[in-house]
>>> print(open('start09.cif').read())   # mmCIF, C-alpha atoms and all ligand atoms
data_data
#
loop_
_atom_site.label_atom_id
_atom_site.label_comp_id
_atom_site.auth_asym_id
_atom_site.auth_seq_id
_atom_site.Cartn_x
_atom_site.Cartn_y
_atom_site.Cartn_z
CA MET A 1 -14.69 -19.01 14.35
CA THR A 2 -11.28 -18.25 15.95
CA SER A 3 -11.61 -16.25 19.15
CA LEU A 4 -9.84 -12.92 19.54
CA THR A 5 -8.36 -11.60 22.77
CA SER A 6 -9.73 -8.33 24.17
CA GLY A 7 -8.66 -5.42 21.96
CA GLN A 8 -6.97 -7.68 19.39
CA ARG A 9 -7.21 -6.23 15.90
CA VAL A 10 -8.02 -8.15 12.73
CA THR A 11 -5.79 -6.63 10.04
CA VAL A 12 -6.03 -7.42 6.33
CA ILE A 13 -2.90 -6.75 4.27
CA THR A 14 -2.73 -7.13 0.49
CA GLY A 15 0.51 -7.85 -1.36
CA ALA A 16 1.83 -9.47 1.83
CA ALA A 17 4.03 -12.09 0.12
CA GLN A 18 7.04 -9.77 -0.19
CA GLY A 19 8.36 -6.23 0.09
CA ILE A 20 6.42 -3.54 1.97
CA GLY A 21 3.41 -5.79 2.60
CA ARG A 22 5.49 -8.56 4.11
CA ARG A 23 7.28 -6.16 6.49
CA THR A 24 3.91 -4.62 7.46
CA ALA A 25 2.63 -8.11 8.32
CA GLU A 26 5.66 -8.75 10.55
CA LEU A 27 5.17 -5.47 12.47
CA CYS A 28 1.41 -6.05 12.85
CA ALA A 29 2.13 -9.56 14.14
CA GLU A 30 4.56 -8.10 16.71
CA ARG A 31 1.78 -5.93 18.14
CA GLY A 32 -0.51 -8.98 18.31
CA ASP A 33 -2.88 -8.50 15.38
CA ALA A 34 -4.73 -11.41 13.79
CA LEU A 35 -3.76 -11.29 10.11
CA ALA A 36 -5.38 -12.04 6.76
CA LEU A 37 -2.58 -11.89 4.18
CA LEU A 38 -3.89 -11.52 0.63
CA ASP A 39 -1.72 -11.96 -2.45
CA ILE A 40 -1.67 -13.60 -5.85
CA GLN A 41 1.10 -15.85 -4.43
CA PRO A 42 1.36 -17.49 -0.98
CA SER A 43 2.34 -15.13 1.87
CA PRO A 44 4.68 -16.29 4.64
CA LEU A 45 2.90 -16.40 8.01
CA PRO A 46 4.74 -14.51 10.78
CA ALA A 47 5.81 -16.94 13.53
CA GLY A 48 3.30 -17.29 16.35
CA ALA A 49 0.64 -15.11 14.72
CA ASP A 50 -3.02 -16.02 14.23
CA ALA A 51 -2.67 -15.60 10.45
CA VAL A 52 -3.99 -16.94 7.18
CA SER A 53 -2.69 -16.61 3.60
CA LEU A 54 -5.48 -16.10 1.05
CA ILE A 55 -4.47 -16.42 -2.58
CA GLY A 56 -6.04 -14.83 -5.67
CA ASP A 57 -6.02 -11.92 -8.11
CA LEU A 58 -7.55 -9.03 -6.16
CA SER A 59 -8.74 -7.23 -9.28
CA ASP A 60 -11.31 -10.05 -9.58
CA GLU A 61 -14.49 -9.09 -7.69
CA THR A 62 -15.39 -12.72 -6.97
CA VAL A 63 -11.98 -13.25 -5.30
CA VAL A 64 -12.45 -10.15 -3.12
CA LYS A 65 -15.91 -11.33 -2.06
CA ALA A 66 -14.68 -14.86 -1.29
CA HIS A 67 -11.77 -13.53 0.80
CA THR A 68 -14.14 -11.20 2.69
CA GLU A 69 -16.39 -14.17 3.45
CA ALA A 70 -13.40 -16.24 4.65
CA ILE A 71 -12.24 -13.41 6.94
CA MET A 72 -15.71 -13.01 8.45
CA GLN A 73 -16.07 -16.75 8.96
CA ARG A 74 -12.73 -16.93 10.74
CA TRP A 75 -12.91 -13.84 12.97
CA GLY A 76 -16.32 -12.17 12.51
CA ARG A 77 -14.83 -8.65 12.27
CA VAL A 78 -12.19 -6.53 10.56
CA ASP A 79 -10.36 -3.56 12.09
CA ALA A 80 -7.75 -2.54 9.54
CA LEU A 81 -7.26 -2.90 5.79
CA VAL A 82 -3.92 -2.16 4.12
CA ASN A 83 -4.29 -1.92 0.35
CA ASN A 84 -0.66 -2.47 -0.57
CA ALA A 85 -0.66 -4.89 -3.55
CA GLY A 86 0.35 -3.14 -6.74
CA ILE A 87 2.19 -3.50 -10.02
CA SER A 88 4.70 -1.22 -11.68
CA PHE A 89 4.64 -0.34 -15.38
CA ILE A 90 7.35 1.74 -17.05
CA THR A 91 6.70 2.53 -20.72
CA PRO A 92 6.47 5.76 -22.74
CA ALA A 93 2.87 6.97 -22.89
CA GLU A 94 2.80 6.77 -26.69
CA ASP A 95 3.64 3.03 -26.54
CA THR A 96 1.18 2.12 -23.77
CA THR A 97 -1.63 -0.14 -25.00
CA ALA A 98 -5.19 0.15 -23.75
CA ALA A 99 -4.90 -3.38 -22.32
CA SER A 100 -1.77 -2.50 -20.30
CA PHE A 101 -3.28 0.76 -19.09
CA ARG A 102 -6.45 -1.05 -17.96
CA ARG A 103 -4.50 -3.82 -16.23
CA VAL A 104 -2.50 -1.33 -14.14
CA LEU A 105 -5.70 0.49 -13.16
CA ASP A 106 -7.43 -2.82 -12.38
CA VAL A 107 -4.72 -3.94 -9.94
CA ASN A 108 -3.68 -0.58 -8.47
CA LEU A 109 -7.04 1.17 -8.26
CA THR A 110 -10.06 -1.09 -8.89
CA ALA A 111 -8.81 -3.82 -6.53
CA PRO A 112 -8.31 -1.37 -3.62
CA PHE A 113 -11.75 0.07 -4.32
CA LEU A 114 -13.37 -3.39 -4.20
CA LEU A 115 -11.59 -4.21 -0.93
CA CYS A 116 -12.58 -0.82 0.54
CA ARG A 117 -16.18 -1.43 -0.47
CA GLU A 118 -16.44 -4.99 0.87
CA LEU A 119 -14.41 -4.60 4.08
CA GLY A 120 -15.36 -0.93 4.57
CA THR A 121 -19.03 -1.92 4.64
CA LEU A 122 -18.25 -4.27 7.54
CA MET A 123 -16.26 -1.54 9.31
CA LEU A 124 -19.17 0.90 8.87
CA ALA A 125 -21.48 -1.65 10.52
CA GLN A 126 -18.99 -1.89 13.43
CA ARG A 127 -18.63 1.94 13.38
CA SER A 128 -14.86 1.55 13.58
CA GLY A 129 -11.96 0.74 11.30
CA SER A 130 -8.91 2.10 9.53
CA ILE A 131 -7.98 1.78 5.87
CA VAL A 132 -4.51 2.58 4.54
CA ASN A 133 -3.97 2.76 0.80
CA VAL A 134 -0.37 2.49 -0.37
CA ALA A 135 -0.03 5.08 -3.12
CA SER A 136 3.34 6.58 -4.10
CA VAL A 137 5.25 9.76 -4.72
CA ALA A 138 3.90 8.93 -8.20
CA GLY A 139 0.42 9.72 -6.81
CA LEU A 140 1.51 13.29 -6.06
CA LEU A 141 3.85 14.15 -8.95
CA GLY A 142 4.19 13.32 -12.63
CA ILE A 143 7.10 10.98 -13.39
CA ILE A 144 8.12 10.32 -16.98
CA ASP A 145 7.22 6.95 -18.65
CA ARG A 146 4.66 5.99 -16.01
CA ALA A 147 1.33 7.23 -17.41
CA ALA A 148 -0.70 4.23 -16.25
CA TYR A 149 1.07 3.77 -12.90
CA ASN A 150 0.93 7.47 -12.02
CA ALA A 151 -2.72 7.74 -13.05
CA SER A 152 -3.53 4.72 -10.85
CA LYS A 153 -1.74 6.19 -7.82
CA HIS A 154 -3.25 9.67 -8.30
CA GLY A 155 -6.63 7.90 -8.49
CA LEU A 156 -5.91 5.98 -5.29
CA ILE A 157 -5.28 9.25 -3.43
CA GLY A 158 -8.54 10.63 -4.83
CA LEU A 159 -10.36 7.48 -3.64
CA THR A 160 -8.73 7.86 -0.21
CA ARG A 161 -9.89 11.47 0.20
CA THR A 162 -13.41 10.67 -0.97
CA LEU A 163 -13.87 7.71 1.39
CA ALA A 164 -12.36 9.71 4.27
CA ALA A 165 -15.05 12.33 3.71
CA GLU A 166 -17.83 9.78 3.15
CA TRP A 167 -17.04 7.42 6.05
CA GLY A 168 -15.28 9.56 8.69
CA ALA A 169 -18.51 10.39 10.54
CA ARG A 170 -19.22 6.66 10.89
CA GLY A 171 -15.92 5.80 12.57
CA VAL A 172 -13.94 4.62 9.55
CA ARG A 173 -10.71 6.51 8.81
CA VAL A 174 -9.14 6.29 5.35
CA ASN A 175 -5.58 7.46 4.67
CA ALA A 176 -2.81 6.94 2.13
CA VAL A 177 0.94 6.61 2.42
CA CYS A 178 3.11 7.80 -0.44
CA PRO A 179 6.45 5.98 -0.45
CA GLY A 180 9.43 7.22 -2.38
CA TRP A 181 11.77 4.63 -3.85
CA VAL A 182 11.94 1.49 -1.72
CA LYS A 183 14.39 -1.40 -2.00
CA THR A 184 11.99 -4.28 -2.77
CA GLU A 185 11.51 -6.89 -5.48
CA MET A 186 9.51 -4.27 -7.43
CA ASP A 187 12.46 -1.88 -7.42
CA MET A 188 14.92 -4.66 -8.36
CA HIS A 189 12.72 -5.59 -11.31
CA ASP A 190 12.33 -1.95 -12.45
CA MET A 191 16.03 -1.26 -12.09
CA GLY A 192 16.83 -4.49 -13.92
CA SER A 193 15.00 -3.06 -16.93
CA GLY A 194 17.57 -0.24 -17.02
CA ALA A 195 15.01 2.48 -16.21
CA TYR A 196 17.21 4.07 -13.50
CA THR A 197 20.20 3.48 -11.25
CA ASP A 198 20.77 3.59 -7.47
CA ALA A 199 22.70 6.84 -7.96
CA ASP A 200 19.73 8.48 -9.75
CA ILE A 201 17.50 7.85 -6.76
CA VAL A 202 19.98 8.52 -3.95
CA GLY A 203 20.95 11.82 -5.60
CA ARG A 204 17.31 12.95 -5.79
CA VAL A 205 16.30 12.20 -2.18
CA PRO A 206 17.14 14.91 0.39
CA MET A 207 17.91 12.17 2.93
CA GLY A 208 20.31 10.59 0.43
CA ARG A 209 19.13 6.99 0.52
CA PHE A 210 16.43 4.56 -0.59
CA ALA A 211 13.59 3.76 1.81
CA SER A 212 13.55 0.32 3.39
CA PRO A 213 10.31 -1.68 3.57
CA ASP A 214 10.47 -1.05 7.32
CA ASP A 215 10.40 2.76 6.82
CA ILE A 216 7.11 2.46 4.96
CA ALA A 217 5.60 -0.28 7.13
CA ARG A 218 6.05 1.85 10.27
CA ALA A 219 3.99 4.68 8.74
CA ILE A 220 1.30 2.16 7.73
CA VAL A 221 1.20 0.66 11.22
CA TYR A 222 0.83 4.16 12.74
CA LEU A 223 -2.18 4.92 10.53
CA THR A 224 -3.88 1.59 11.29
CA ASP A 225 -3.59 2.22 15.05
CA ALA A 226 -6.68 4.07 16.34
CA GLN A 227 -4.82 5.04 19.51
CA ALA A 228 -1.78 6.46 17.69
CA SER A 229 -3.67 8.32 14.94
CA PRO A 230 -7.30 8.72 16.16
CA PHE A 231 -8.05 11.98 14.28
CA VAL A 232 -5.88 11.45 11.20
CA ASN A 233 -8.24 11.01 8.26
CA GLY A 234 -7.87 11.71 4.54
CA VAL A 235 -4.14 12.41 4.48
CA ALA A 236 -1.67 11.37 1.79
CA LEU A 237 1.38 10.89 4.02
CA SER A 238 4.68 11.21 2.16
CA VAL A 239 7.26 8.69 3.36
CA ASP A 240 9.90 9.63 0.86
CA GLY A 241 12.85 11.17 2.71
CA GLY A 242 11.67 14.59 1.52
CA TRP A 243 11.44 13.84 -2.24
CA ALA A 244 8.05 15.47 -2.87
CA ALA A 245 8.89 18.48 -0.68
CA ASP A 246 12.10 19.28 -2.55
CA GLY A 247 11.92 21.59 -5.55
CA SER A 248 15.68 22.22 -5.63
CA TRP A 249 17.76 21.63 -8.70
CA GLU A 250 20.23 18.76 -8.60
CA GLN A 251 23.45 20.70 -8.03
CA LEU A 252 21.91 22.58 -5.09
CA ARG A 253 20.74 19.35 -3.42
CA ARG A 254 23.99 17.49 -4.01
CA GLY A 255 25.92 20.35 -2.42
CA LYS A 256 24.03 19.78 0.84
CA GLN A 257 24.36 15.97 0.60
CA GLU A 258 28.14 16.30 0.39
CA LEU A 259 28.51 18.48 3.52
N1 LIG A 301 9.09 -0.29 -4.24
C1 LIG A 301 8.92 1.01 -4.41
O1 LIG A 301 9.89 1.73 -4.71
C2 LIG A 301 7.55 1.64 -4.25
C3 LIG A 301 7.48 3.04 -4.27
C4 LIG A 301 6.24 3.65 -4.11
C5 LIG A 301 5.11 2.88 -3.96
N2 LIG A 301 5.19 1.52 -3.97
C6 LIG A 301 3.94 0.76 -3.82
O2 LIG A 301 4.02 -0.03 -2.66
C7 LIG A 301 3.25 -1.22 -2.84
C8 LIG A 301 4.10 -2.44 -2.53
O3 LIG A 301 5.25 -2.37 -3.34
P1 LIG A 301 6.49 -3.36 -3.20
O4 LIG A 301 7.67 -2.59 -3.65
O5 LIG A 301 6.49 -4.03 -1.88
O6 LIG A 301 6.12 -4.37 -4.39
P2 LIG A 301 6.42 -5.92 -4.61
O7 LIG A 301 6.33 -6.12 -6.08
O8 LIG A 301 7.68 -6.32 -3.92
O9 LIG A 301 5.16 -6.59 -3.89
C9 LIG A 301 3.86 -6.42 -4.39
C10 LIG A 301 3.03 -7.62 -3.99
O10 LIG A 301 1.72 -7.46 -4.58
C11 LIG A 301 1.32 -8.71 -5.10
N3 LIG A 301 0.36 -8.53 -6.19
C12 LIG A 301 0.59 -7.96 -7.40
N4 LIG A 301 -0.52 -8.01 -8.15
C13 LIG A 301 -1.48 -8.61 -7.41
C14 LIG A 301 -2.83 -8.95 -7.66
N5 LIG A 301 -3.43 -8.70 -8.83
N6 LIG A 301 -3.54 -9.56 -6.68
C15 LIG A 301 -2.93 -9.85 -5.48
N7 LIG A 301 -1.65 -9.54 -5.21
C16 LIG A 301 -0.94 -8.93 -6.16
C17 LIG A 301 2.60 -9.37 -5.57
O11 LIG A 301 2.47 -10.78 -5.70
C18 LIG A 301 3.60 -8.94 -4.50
O12 LIG A 301 3.67 -9.88 -3.45
C19 LIG A 301 2.75 -1.18 -4.29
O13 LIG A 301 1.42 -0.70 -4.32
C20 LIG A 301 3.68 -0.19 -4.95
O14 LIG A 301 3.09 0.45 -6.06
C21 LIG A 301 6.40 0.88 -4.09
#
>>> encode(input="start09.cif", output="structure tokens")
Amino acid sequence: MTSLTSGQRVTVITGAAQGIGRRTAELCAERGDALALLDIQPSPLPAGADAVSLIGDLSDETVVKAHTEAIMQRWGRVDALVNNAGISFITPAEDTTAASFRRVLDVNLTAPFLLCRELGTLMLAQRSGSIVNVASVAGLLGIIDRAAYNASKHGLIGLTRTLAAEWGARGVRVNAVCPGWVKTEMDMHDMGSGAYTDADIVGRVPMGRFASPDDIARAIVYLTDAQASPFVNGVALSVDGGWAADGSWEQLRRGKQEL
């Protein structure tokens, strides 16, 4: 077993190979966390960190159990879990197959549930821990051509609220962050399919820009920190530059952006 320094957190981050998860890993390494970085592809290890990359499809229960075992063998505890791995799927509802719908739910909702169950059980035994589920503005609002993705993210917020209620009394906080549009590989892939343009997104966000992975990672880090957010439990924190708050029509919003 690797020894931890006094107060050092063990933080588990899924989808840490790129994008939001990778930036979250860098920030957690800066504050000294030991890191288990879970992804279907290898994750880069932040320089100087006590970190391990664990590879596998997290929708597979046997993979989740094996990773949990590896984490416990290495450190013997877990303090924070960031369920960030996810897949996008943009298709009209009437063309969405059952297999595609199930796959999106498996990765975006079942995998986080399995990780919450396995690692949350260990946190409950410790009577401390923080779980952050990365949902989306698509977990709060309907967005055209994303039936499976939006259903998965709405479900993830429902899971978050339920576990917050179920586990809060035993020292385990469970929260969600809801990013707006973020410049990552996921966004580049979605935009490459012609589904939307930069101008579509920038024009819709009150703050008039995309999020960076760093914008989202900082909110995640805040929620994993028991000193920074000790009584925050069960929230779905929008980190979207005001997208979900804004019911204005386009011309009204653009008028303010041009001032
Ligand atoms: N990019 C955005 O605009 C945006 C907006 C709102 C929410 N989100 C959410 O934020 C999270 C991270 O998004 P991102 O933009 O950094 O995405 P990304 O595609 O850049 O990274 C996702 C990571 O998850 C991993 N992954 C995918 N399926 C996996 C599986 N079955 N098992 C293990 N790992 C798997 C990928 O390998 C990848 O490294 C996702 O849950 C996404 O839905 C993203």
>>> closest_atom_pairs(input="start09.cif", of="chain A", to="ligand LIG 301 (chain A)", cutoff="7 Å", atoms="all atoms listed in the file", output="CSV")
residue,atom,partner,partner_atom,distance
A:Thr14,CA,A:LIG301,N7,6.3
A:Gly15,CA,A:LIG301,O10,3.5
A:Ala16,CA,A:LIG301,O12,5.6
A:Ala17,CA,A:LIG301,O12,4.2
A:Gln18,CA,A:LIG301,O12,4.7
A:Gly19,CA,A:LIG301,O5,3.5
A:Ile20,CA,A:LIG301,O5,3.9
A:Gly21,CA,A:LIG301,O5,5.7
A:Leu38,CA,A:LIG301,C15,6.4
A:Asp39,CA,A:LIG301,N7,3.7
A:Ile40,CA,A:LIG301,C15,4.0
A:Gln41,CA,A:LIG301,O11,5.4
A:Gly56,CA,A:LIG301,C15,5.9
A:Asp57,CA,A:LIG301,N6,3.7
A:Leu58,CA,A:LIG301,N6,4.1
A:Ser59,CA,A:LIG301,N5,5.5
A:Asn84,CA,A:LIG301,O13,4.6
A:Ala85,CA,A:LIG301,O10,3.7
A:Gly86,CA,A:LIG301,O13,3.6
A:Ile87,CA,A:LIG301,C12,5.4
A:Ser88,CA,A:LIG301,O14,6.1
A:Val107,CA,A:LIG301,N5,5.1
A:Asn108,CA,A:LIG301,O13,6.6
A:Val134,CA,A:LIG301,O13,5.4
A:Ala135,CA,A:LIG301,C5,5.7
A:Ser136,CA,A:LIG301,C5,4.1
A:Val137,CA,A:LIG301,C4,6.2
A:Cys178,CA,A:LIG301,C4,6.4
A:Pro179,CA,A:LIG301,C4,4.3
A:Gly180,CA,A:LIG301,C3,5.0
A:Trp181,CA,A:LIG301,O1,3.6
A:Val182,CA,A:LIG301,O1,3.6
A:Lys183,CA,A:LIG301,N1,5.9
A:Thr184,CA,A:LIG301,O4,4.7
A:Glu185,CA,A:LIG301,O8,4.2
A:Met186,CA,A:LIG301,O7,3.9
A:Asp187,CA,A:LIG301,N1,4.9
>>> closest_residue(input="start09.cif", among="A:Gly247, A:Pro42, A:Gly171, A:Gly242", to="A:Ala211", atoms="all atoms listed in the file")
A:Gly242
>>> closest_residue(input="start09.cif", among="A:Asp190, A:Asp198, A:Asp60, A:Asp246", to="A:Phe210", atoms="only C-alpha atoms")
A:Asp198
>>> residues_around(input="start09.cif", residues="A:Ala176", least_positions_apart="5", cutoff="10 Å", atoms="only C-alpha atoms", output="PyMOL selection string")
chain A and resi 82-83+131-136+139+156-161+219-220+223+233-238
>>> residues_near_point(input="start09.cif", point="(-18.9, 0.1, 3.8)", cutoff="12 Å", atoms="all atoms listed in the file", output="count of residues only")
30
>>> atom_distance(input="start09.cif", atom1="atom CA of A:Ala98", atom2="atom CA of A:Lys153")
17.4 Å
>>> atom_distance(input="start09.cif", atom1="atom CA of A:Tyr149", atom2="atom CA of A:Ala245")
20.7 Å
>>> atom_distance(input="start09.cif", atom1="atom CA of A:Met1", atom2="atom CA of A:Thr62")
22.2 Å
